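Here is the structure we will look at, set down as structure tokens.
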Amino acid sequence: RLQKLKEMFISKFGSAPKFYVRAPGRVNLIGEHIDYCGYAVLPMAIEQDILIAVEPVKTQVVQLANTSSLYLDFSTSVNNIQINKTKPQWHNYFLCGLKGIQEHFGLNNPTGMNCLLDGTIPPSSGLSSSSALVCCAALVTLRANGKTLSKAELAEICTKSERYIGTEGGGMDQSISFLAEEGTAKLIEFSPLRATDVRLPSGAAFVIANSCVEMNKAATSHYNIRVMECRLATKLLSKSKDLDWKKMLRLHDVQSKLGVSLEEMLTIVEEVLHPEPYSTEEICKCLGISPEELRSQILSQNTQDVSTFKLYQRAKHVYSEAARVLEFKKICNEAPANAIQLLGELMNQSYISCREMYECSCPELDRLVDICLQFGAIGSRLTGAGWGGCTVSMVPTDKLNTFLKNVKKAYYQTDVQRLPLENNSLFATKPGRGALVFVEA
């Protein structure tokens with residue numbers, strides 16, 4: 001693949017690349033939609049990745065090309081990076097990473113670059129192709145400008161810089177992209193960022209299945225609405241407990257300020273929040289603020305015209321999912337005889353909560369999860385933001401081949417649209433390694 005990329009680079013730019021950078025996609029085994037609430041998640045890097053061939057150049061221009069004809073060439077001056085939030089095109093994710101490094105170091109005369117990108121992560125599939133591209137671009141910029149940073153610092157910068165495109169993400173994708181190690185999943189905790197090895201049970205394979213429904217987080221407001229609902233739930237829970245609600249942004253902040261367990265937080269949610277949706281008027285009344293203050297001080301740009309918010313359901317999902325992550329890690333560490341059964345149950349509970357409480361599933365994901373469970377998965381759930389994208393299933397290794405065959409038949413071969421996509425849409429994966437730089441020998 002490197003050789004092929006090198007040849008394409010030479011025919012495109014007329015000279016050879018000086019180095020290559022790779023950043024992997026990821027699958028989140030459990031812990032959906034809780035990283036931006038401050039809670040630990042449990043992802044692993046996958047073998048699919050973004051690979052970029054790079055040649056630093058004397059002109060202050062970045063030229064971007066893609067091995068896929070679906071993505072148009074793009075070039076811009078390195079001194080004038082404009083990121084268009086209204087159209088989340090592929091090159092804008094590269095520019096996020098580039099801009100993040102430039103701003104971190106205050107680079108006045110950044111190096112120009114020729115870059116050719118090759119990606120094997122299915123786009124908009126919930127396997128974090130966009131974050132892998134942001135991470136890859138940051139590493140490219142770092143290397144081209146002769147700078148160094150730790151992996152944790154890179155992850156923090158990329159988390160912030162991906163927000164230039166308008167997604168209020170939480171940092172899981174960027175962290176696993178840099179901190180992943182071959183053979184182990186990671187428990188990723190935030191503020192401060194730490195990654196702990198989690199050994200997965202040996203008798204099970206993790207299988208990714210793409211629903212073939214594309215979901216681009218930056219192109220819709222579903223994702224940011226959930227972030228805002230969690231933020232509003234944080235404010236209302238804080239106010240009910242006489243905390244300084246204006247300073248509280250994440251559901252984790254409430255728990256740590258009160259010094260209570262996740263189980264106790266679930267009881268507090270039951271006491272304080274009601275299951276019926278909250279109108280903006282009711283939220284303003286609870287907080288004693290005007291609609292104008294709500295819009296300008298709390299809501300994000302693309303959620304200002306939302307009129308109702310479900311706070312009870314979102315908070316309930318977050319606190320219960322945060323508890324499932326810790327339980328999952330504990331089972332992996334203690335490795336009881338029925339570990340696979342127990343982990344499968346947690347994955348299934350996570351999925352039900354994502355579907356019922358967080359409402360981030362879709363009919364195709366529901367169907368795919370049913371099929372996976374029907375053909376031998378012990379646990380199956382959506383992974384990534386949801387509303388499309390992929391499922392991840394835990395399958396006993398001895399049943400893997402028949403499982404793959406049956407799922408292909410039941411989900412992909414019954415649909416004309418999905419049929420051509422089946423080969424890249426269903427695969428078992430092992431924990432892969434994190435982002436790397438290769439230099440031409």
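Chain labels A, B, ... are given in the sequence in which chains occur in the structure tokens; within each chain residues are numbered consecutively from 1, and ligands are likewise numbered from 1 in the order shown.
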
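For A:Tyr358, the non-local neighbours within 7 Å, defined as residues at least 4 positions apart in the same chain or in other chains and counting only C-alpha atoms, are Gln313, Arg314, His317, Ser353 and Cys354 of chain A.
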
**Item:** Selection: 12 Å around stretch 272-275 of chain A, only C-alpha atoms, excl. self and same-chain fewer than 2 positions, as number ranges by chain
**Value:** A: 232-241, 265-270, 277-279, 282-283, 286, 309-316, 357

Suppose we keep C-alpha atoms; can you now write the selection as a PDB file, in the first residue's frame?
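Okay, again07.pdb is ready:
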```
ATOM      1  CA  LEU A 232     -29.069  21.601  30.249  1.00  0.00           C
ATOM      2  CA  ALA A 233     -29.641  18.538  32.465  1.00  0.00           C
ATOM      3  CA  THR A 234     -26.345  19.432  34.205  1.00  0.00           C
ATOM      4  CA  LYS A 235     -27.593  22.983  34.856  1.00  0.00           C
ATOM      5  CA  LEU A 236     -30.990  21.884  36.228  1.00  0.00           C
ATOM      6  CA  LEU A 237     -29.528  19.129  38.432  1.00  0.00           C
ATOM      7  CA  SER A 238     -26.883  21.583  39.753  1.00  0.00           C
ATOM      8  CA  LYS A 239     -29.448  24.273  40.531  1.00  0.00           C
ATOM      9  CA  SER A 240     -31.681  21.791  42.387  1.00  0.00           C
ATOM     10  CA  LYS A 241     -28.704  20.925  44.612  1.00  0.00           C
ATOM     11  CA  MET A 265     -26.953  10.160  40.589  1.00  0.00           C
ATOM     12  CA  LEU A 266     -29.605   8.000  38.892  1.00  0.00           C
ATOM     13  CA  THR A 267     -31.827   8.404  41.966  1.00  0.00           C
ATOM     14  CA  ILE A 268     -31.289  12.185  41.889  1.00  0.00           C
ATOM     15  CA  VAL A 269     -32.276  12.256  38.174  1.00  0.00           C
ATOM     16  CA  GLU A 270     -35.529  10.458  39.117  1.00  0.00           C
ATOM     17  CA  PRO A 277     -39.775  17.023  27.316  1.00  0.00           C
ATOM     18  CA  TYR A 278     -38.834  20.460  28.658  1.00  0.00           C
ATOM     19  CA  SER A 279     -39.783  23.539  26.649  1.00  0.00           C
ATOM     20  CA  GLU A 282     -39.685  25.891  31.313  1.00  0.00           C
ATOM     21  CA  ILE A 283     -35.875  25.669  31.218  1.00  0.00           C
ATOM     22  CA  CYS A 286     -36.140  26.755  36.223  1.00  0.00           C
ATOM     23  CA  PHE A 309     -35.321  19.098  25.130  1.00  0.00           C
ATOM     24  CA  LYS A 310     -35.415  15.652  26.761  1.00  0.00           C
ATOM     25  CA  LEU A 311     -33.298  16.002  29.885  1.00  0.00           C
ATOM     26  CA  TYR A 312     -34.419  13.082  32.058  1.00  0.00           C
ATOM     27  CA  GLN A 313     -33.818  10.458  29.352  1.00  0.00           C
ATOM     28  CA  ARG A 314     -30.381  11.812  28.361  1.00  0.00           C
ATOM     29  CA  ALA A 315     -29.100  12.089  31.936  1.00  0.00           C
ATOM     30  CA  LYS A 316     -30.396   8.617  32.736  1.00  0.00           C
ATOM     31  CA  MET A 357     -33.176   6.796  26.315  1.00  0.00           C
TER      32      MET A 357
END
```

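With only C-alpha atoms as the basis for measurement, A:His91 is the residue among A:Arg1, A:Arg355, A:His91, A:Arg226 that approaches A:Ala65 most closely.
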
Considering only C-alpha atoms, give me a table of residues in stretch 187-242 of chain A that are at most 10 Å from stretch 409-415 of chain A, with the closest atom pair and distance in Å for each, as a tab-separated table.
```
residue	atom	partner	partner_atom	distance
A:Ala209	CA	A:Tyr411	CA	9.6
A:Asn210	CA	A:Tyr412	CA	9.6
A:Ser211	CA	A:Tyr411	CA	8.5
A:Cys212	CA	A:Tyr412	CA	9.2
```

**Item:** All residues 9 Å or closer to stretch 391-407 of chain A, only C-alpha atoms, same chain fewer than 3 positions away omitted, as an MDAnalysis selection string
**Value:** chainID A and resid 27:29 126 202:211 340 343:344 347 365 368:369 371:373 375:384 386 410:413 426:428

Residues flagged strand (DSSP E) by DSSP in stretch 309-393 of chain A, as a short mmCIF file (atom, residue, chain, number, x, y, z; two decimals) with N, CA, C and O atoms, in the first residue's frame:
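File part37.cif, as written:
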```cif
data_model
loop_
_atom_site.label_atom_id
_atom_site.label_comp_id
_atom_site.auth_asym_id
_atom_site.auth_seq_id
_atom_site.Cartn_x
_atom_site.Cartn_y
_atom_site.Cartn_z
N PHE A 309 -36.51 19.89 24.78
CA PHE A 309 -35.32 19.10 25.13
C PHE A 309 -35.70 17.97 26.09
O PHE A 309 -36.46 18.20 27.03
N GLY A 379 -23.41 -10.27 22.51
CA GLY A 379 -23.81 -8.88 22.74
C GLY A 379 -23.67 -8.12 21.44
O GLY A 379 -22.78 -8.42 20.64
N SER A 380 -24.55 -7.15 21.22
CA SER A 380 -24.47 -6.35 19.99
C SER A 380 -25.03 -4.97 20.27
O SER A 380 -26.03 -4.83 20.98
N ARG A 381 -24.36 -3.95 19.74
CA ARG A 381 -24.83 -2.59 19.99
C ARG A 381 -24.35 -1.67 18.88
O ARG A 381 -23.44 -2.01 18.14
N LEU A 382 -25.00 -0.49 18.78
CA LEU A 382 -24.49 0.51 17.83
C LEU A 382 -23.20 1.08 18.39
O LEU A 382 -22.98 1.06 19.59
N THR A 383 -22.33 1.56 17.51
CA THR A 383 -21.07 2.14 17.97
C THR A 383 -20.84 3.45 17.22
O THR A 383 -21.20 3.55 16.04
N CYS A 390 -22.24 1.98 12.25
CA CYS A 390 -21.96 0.56 12.49
C CYS A 390 -22.50 0.01 13.81
O CYS A 390 -22.79 0.76 14.73
N THR A 391 -22.56 -1.33 13.83
CA THR A 391 -22.77 -2.04 15.09
C THR A 391 -21.47 -2.76 15.43
O THR A 391 -20.66 -3.04 14.54
N VAL A 392 -21.29 -3.07 16.71
CA VAL A 392 -20.18 -3.94 17.12
C VAL A 392 -20.81 -5.09 17.90
O VAL A 392 -21.69 -4.88 18.73
N SER A 393 -20.38 -6.30 17.56
CA SER A 393 -20.94 -7.50 18.21
C SER A 393 -19.83 -8.36 18.78
O SER A 393 -18.76 -8.46 18.18
#
```

**Complete:** Counting only C-alpha atoms, closest pick from A:Glu321, A:Glu293, A:Asp305, A:Glu264 relative to A:Tyr39 is A:Glu321

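Among A:Glu214, A:Asp35, A:Glu47, A:Glu162, the residue with the shortest atom-to-atom distance to A:Cys96, counting only C-alpha atoms, is A:Glu162.
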
**Prompt:** Which of stretch 70-132 of chain A counts as helix (DSSP H, G or I) under DSSP, as a PyMOL selection string please?
**Reply:** chain A and resi 90-105+129-132

Residues as selected, N, CA and C atoms, written as a JSON list (two decimals), in the first residue's frame, can you do that?
```json
[["chain", "number", "residue", "atom", "x", "y", "z"],
["A", 90, "TRP", "N", -14.21, 16.86, 3.03],
["A", 90, "TRP", "CA", -13.07, 16.11, 3.59],
["A", 90, "TRP", "C", -11.88, 16.99, 3.94],
["A", 91, "HIS", "N", -11.57, 17.97, 3.07],
["A", 91, "HIS", "CA", -10.36, 18.77, 3.32],
["A", 91, "HIS", "C", -10.49, 19.64, 4.57],
["A", 92, "ASN", "N", -11.74, 19.95, 4.97],
["A", 92, "ASN", "CA", -11.92, 20.77, 6.17],
["A", 92, "ASN", "C", -11.44, 20.06, 7.44],
["A", 93, "TYR", "N", -11.56, 18.71, 7.45],
["A", 93, "TYR", "CA", -11.06, 17.95, 8.61],
["A", 93, "TYR", "C", -9.54, 18.01, 8.65],
["A", 94, "PHE", "N", -8.90, 17.97, 7.47],
["A", 94, "PHE", "CA", -7.45, 18.12, 7.42],
["A", 94, "PHE", "C", -7.07, 19.51, 7.98],
["A", 95, "LEU", "N", -7.81, 20.52, 7.54],
["A", 95, "LEU", "CA", -7.51, 21.89, 7.97],
["A", 95, "LEU", "C", -7.67, 22.07, 9.48],
["A", 96, "CYS", "N", -8.61, 21.32, 10.09],
["A", 96, "CYS", "CA", -8.77, 21.38, 11.56],
["A", 96, "CYS", "C", -7.47, 20.98, 12.26],
["A", 97, "GLY", "N", -6.89, 19.86, 11.82],
["A", 97, "GLY", "CA", -5.65, 19.37, 12.43],
["A", 97, "GLY", "C", -4.50, 20.33, 12.19],
["A", 98, "LEU", "N", -4.43, 20.83, 10.98],
["A", 98, "LEU", "CA", -3.38, 21.78, 10.58],
["A", 98, "LEU", "C", -3.46, 23.05, 11.45],
["A", 99, "LYS", "N", -4.67, 23.59, 11.54],
["A", 99, "LYS", "CA", -4.88, 24.82, 12.30],
["A", 99, "LYS", "C", -4.59, 24.63, 13.79],
["A", 100, "GLY", "N", -4.98, 23.46, 14.31],
["A", 100, "GLY", "CA", -4.74, 23.16, 15.73],
["A", 100, "GLY", "C", -3.27, 23.25, 16.09],
["A", 101, "ILE", "N", -2.42, 22.68, 15.24],
["A", 101, "ILE", "CA", -0.96, 22.70, 15.50],
["A", 101, "ILE", "C", -0.40, 24.11, 15.30],
["A", 102, "GLN", "N", -0.85, 24.77, 14.21],
["A", 102, "GLN", "CA", -0.38, 26.14, 13.96],
["A", 102, "GLN", "C", -0.67, 27.04, 15.15],
["A", 103, "GLU", "N", -1.88, 26.94, 15.68],
["A", 103, "GLU", "CA", -2.27, 27.82, 16.78],
["A", 103, "GLU", "C", -1.55, 27.46, 18.07],
["A", 104, "HIS", "N", -1.36, 26.15, 18.29],
["A", 104, "HIS", "CA", -0.68, 25.72, 19.51],
["A", 104, "HIS", "C", 0.74, 26.29, 19.60],
["A", 105, "PHE", "N", 1.43, 26.27, 18.48],
["A", 105, "PHE", "CA", 2.82, 26.75, 18.47],
["A", 105, "PHE", "C", 2.94, 28.21, 18.05],
["A", 129, "SER", "N", -13.70, 8.06, 11.01],
["A", 129, "SER", "CA", -12.82, 8.43, 9.89],
["A", 129, "SER", "C", -12.46, 9.91, 9.95],
["A", 130, "SER", "N", -13.41, 10.76, 10.37],
["A", 130, "SER", "CA", -13.13, 12.20, 10.39],
["A", 130, "SER", "C", -12.08, 12.54, 11.45],
["A", 131, "SER", "N", -12.21, 11.95, 12.65],
["A", 131, "SER", "CA", -11.22, 12.24, 13.70],
["A", 131, "SER", "C", -9.85, 11.67, 13.33],
["A", 132, "ALA", "N", -9.83, 10.50, 12.67],
["A", 132, "ALA", "CA", -8.55, 9.93, 12.24],
["A", 132, "ALA", "C", -7.86, 10.89, 11.26]]
```

**Exercise: A:Glu292 partners within 12 Å, only C-alpha atoms, chain neighbours under 6 positions left out, as a VMD selection string** = chain A and resid 280 to 281 284 298 to 299 304 to 305

**Request:** Return the single residue from A:Pro192, A:Asp118, A:Thr86, A:Leu139 that is closest to A:Tyr164, with distances computed using only C-alpha atoms.
**Result:**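 The answer is A:Thr86, which sits nearest to A:Tyr164.
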
**Message:** as an MDAnalysis selection string, please: the residues near stretch 49-61 of chain A (cut-off 9 Å, only C-alpha atoms, same-chain neighbours under 6 positions excluded).
**Reply:** chainID A and resid 2 5:6 9 15:26 75:79 109:121 129 132:133 136:137 140 144:145

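Distances from A:Gln255, A:Asn108, A:Ser221, A:Ser177 to A:Gly38 were compared using only C-alpha atoms, and the smallest one belongs to A:Gln255.
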
**Prompt:** Which is closer to A:Glu359 than all the others in A:Phe13, A:Phe328, A:Tyr223, A:Phe178, using only C-alpha atoms?
**Reply:**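 Selected residue with least distance to A:Glu359: A:Tyr223.
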
Selection near A:Leu342, 12 Å with only C-alpha atoms, sequence-local residues under 2 positions removed, as a compact mmCIF listing (two decimals) with N, CA, C and O atoms, in the first residue's frame:
```txt
# COMPACT_ATOMS: atom_id res chain seq x y z
N PRO A 201 -11.48 -10.64 26.57
CA PRO A 201 -11.44 -12.10 26.76
C PRO A 201 -11.01 -12.82 25.48
O PRO A 201 -11.33 -12.39 24.37
N ARG A 324 -21.83 1.20 33.29
CA ARG A 324 -21.57 -0.01 32.48
C ARG A 324 -20.12 -0.08 32.03
O ARG A 324 -19.53 -1.15 31.96
N GLU A 327 -18.05 -1.36 34.88
CA GLU A 327 -18.37 -2.78 35.09
C GLU A 327 -17.69 -3.64 34.02
O GLU A 327 -17.14 -4.70 34.31
N PHE A 328 -17.70 -3.16 32.78
CA PHE A 328 -17.08 -3.87 31.65
C PHE A 328 -15.58 -4.06 31.92
O PHE A 328 -15.03 -5.14 31.78
N LYS A 329 -14.93 -2.97 32.36
CA LYS A 329 -13.49 -3.04 32.65
C LYS A 329 -13.22 -4.02 33.79
O LYS A 329 -12.29 -4.81 33.76
N LYS A 330 -14.06 -3.97 34.82
CA LYS A 330 -13.89 -4.84 35.99
C LYS A 330 -13.98 -6.32 35.58
O LYS A 330 -13.15 -7.14 35.98
N ILE A 331 -14.96 -6.63 34.73
CA ILE A 331 -15.12 -8.02 34.28
C ILE A 331 -13.90 -8.46 33.47
O ILE A 331 -13.38 -9.56 33.65
N CYS A 332 -13.41 -7.58 32.59
CA CYS A 332 -12.22 -7.91 31.79
C CYS A 332 -11.02 -8.17 32.70
O CYS A 332 -10.24 -9.10 32.48
N GLU A 334 -11.06 -9.08 35.97
CA GLU A 334 -11.22 -10.23 36.87
C GLU A 334 -11.37 -11.54 36.11
O GLU A 334 -11.13 -12.61 36.66
N ALA A 335 -11.77 -11.44 34.84
CA ALA A 335 -11.91 -12.60 33.95
C ALA A 335 -12.59 -13.82 34.58
O ALA A 335 -12.03 -14.91 34.64
N PRO A 336 -13.84 -13.65 35.05
CA PRO A 336 -14.56 -14.83 35.57
C PRO A 336 -14.88 -15.80 34.43
O PRO A 336 -14.77 -15.44 33.25
N ALA A 337 -15.27 -17.02 34.78
CA ALA A 337 -15.55 -18.06 33.76
C ALA A 337 -16.63 -17.61 32.78
O ALA A 337 -16.59 -17.93 31.59
N ASN A 338 -17.62 -16.85 33.27
CA ASN A 338 -18.72 -16.42 32.38
C ASN A 338 -18.53 -14.98 31.88
O ASN A 338 -19.50 -14.27 31.60
N ALA A 339 -17.27 -14.54 31.77
CA ALA A 339 -16.97 -13.15 31.37
C ALA A 339 -17.66 -12.77 30.07
O ALA A 339 -18.26 -11.69 29.97
N ILE A 340 -17.61 -13.64 29.06
CA ILE A 340 -18.17 -13.29 27.75
C ILE A 340 -19.68 -13.04 27.87
O ILE A 340 -20.21 -12.08 27.30
N GLY A 344 -21.42 -9.42 27.23
CA GLY A 344 -22.48 -9.39 26.22
C GLY A 344 -23.73 -8.72 26.76
O GLY A 344 -24.36 -7.89 26.09
N GLU A 345 -24.08 -9.06 28.02
CA GLU A 345 -25.27 -8.44 28.64
C GLU A 345 -25.10 -6.93 28.76
O GLU A 345 -26.04 -6.17 28.52
N LEU A 346 -23.88 -6.48 29.13
CA LEU A 346 -23.63 -5.03 29.25
C LEU A 346 -23.76 -4.34 27.89
O LEU A 346 -24.33 -3.25 27.80
N MET A 347 -23.25 -5.00 26.84
CA MET A 347 -23.36 -4.42 25.49
C MET A 347 -24.83 -4.29 25.08
O MET A 347 -25.25 -3.29 24.52
N ASN A 348 -25.62 -5.33 25.41
CA ASN A 348 -27.05 -5.30 25.06
C ASN A 348 -27.80 -4.22 25.84
O ASN A 348 -28.63 -3.50 25.29
N GLN A 349 -27.45 -4.07 27.13
CA GLN A 349 -28.08 -3.01 27.93
C GLN A 349 -27.72 -1.62 27.38
O GLN A 349 -28.55 -0.72 27.33
N ILE A 378 -23.18 -12.66 21.32
CA ILE A 378 -23.57 -12.68 22.74
C ILE A 378 -24.03 -11.27 23.15
O ILE A 378 -24.88 -11.09 23.99
N GLY A 379 -23.41 -10.27 22.51
CA GLY A 379 -23.81 -8.88 22.74
C GLY A 379 -23.67 -8.12 21.44
O GLY A 379 -22.78 -8.42 20.64
N MET A 394 -20.10 -8.96 19.92
CA MET A 394 -19.14 -9.91 20.49
C MET A 394 -19.61 -11.32 20.17
O MET A 394 -20.73 -11.70 20.53
```

**Fill in**
Taken to one decimal, the atom CA of A:Ile188-atom CA of A:Met248 distance is 21.8 Å
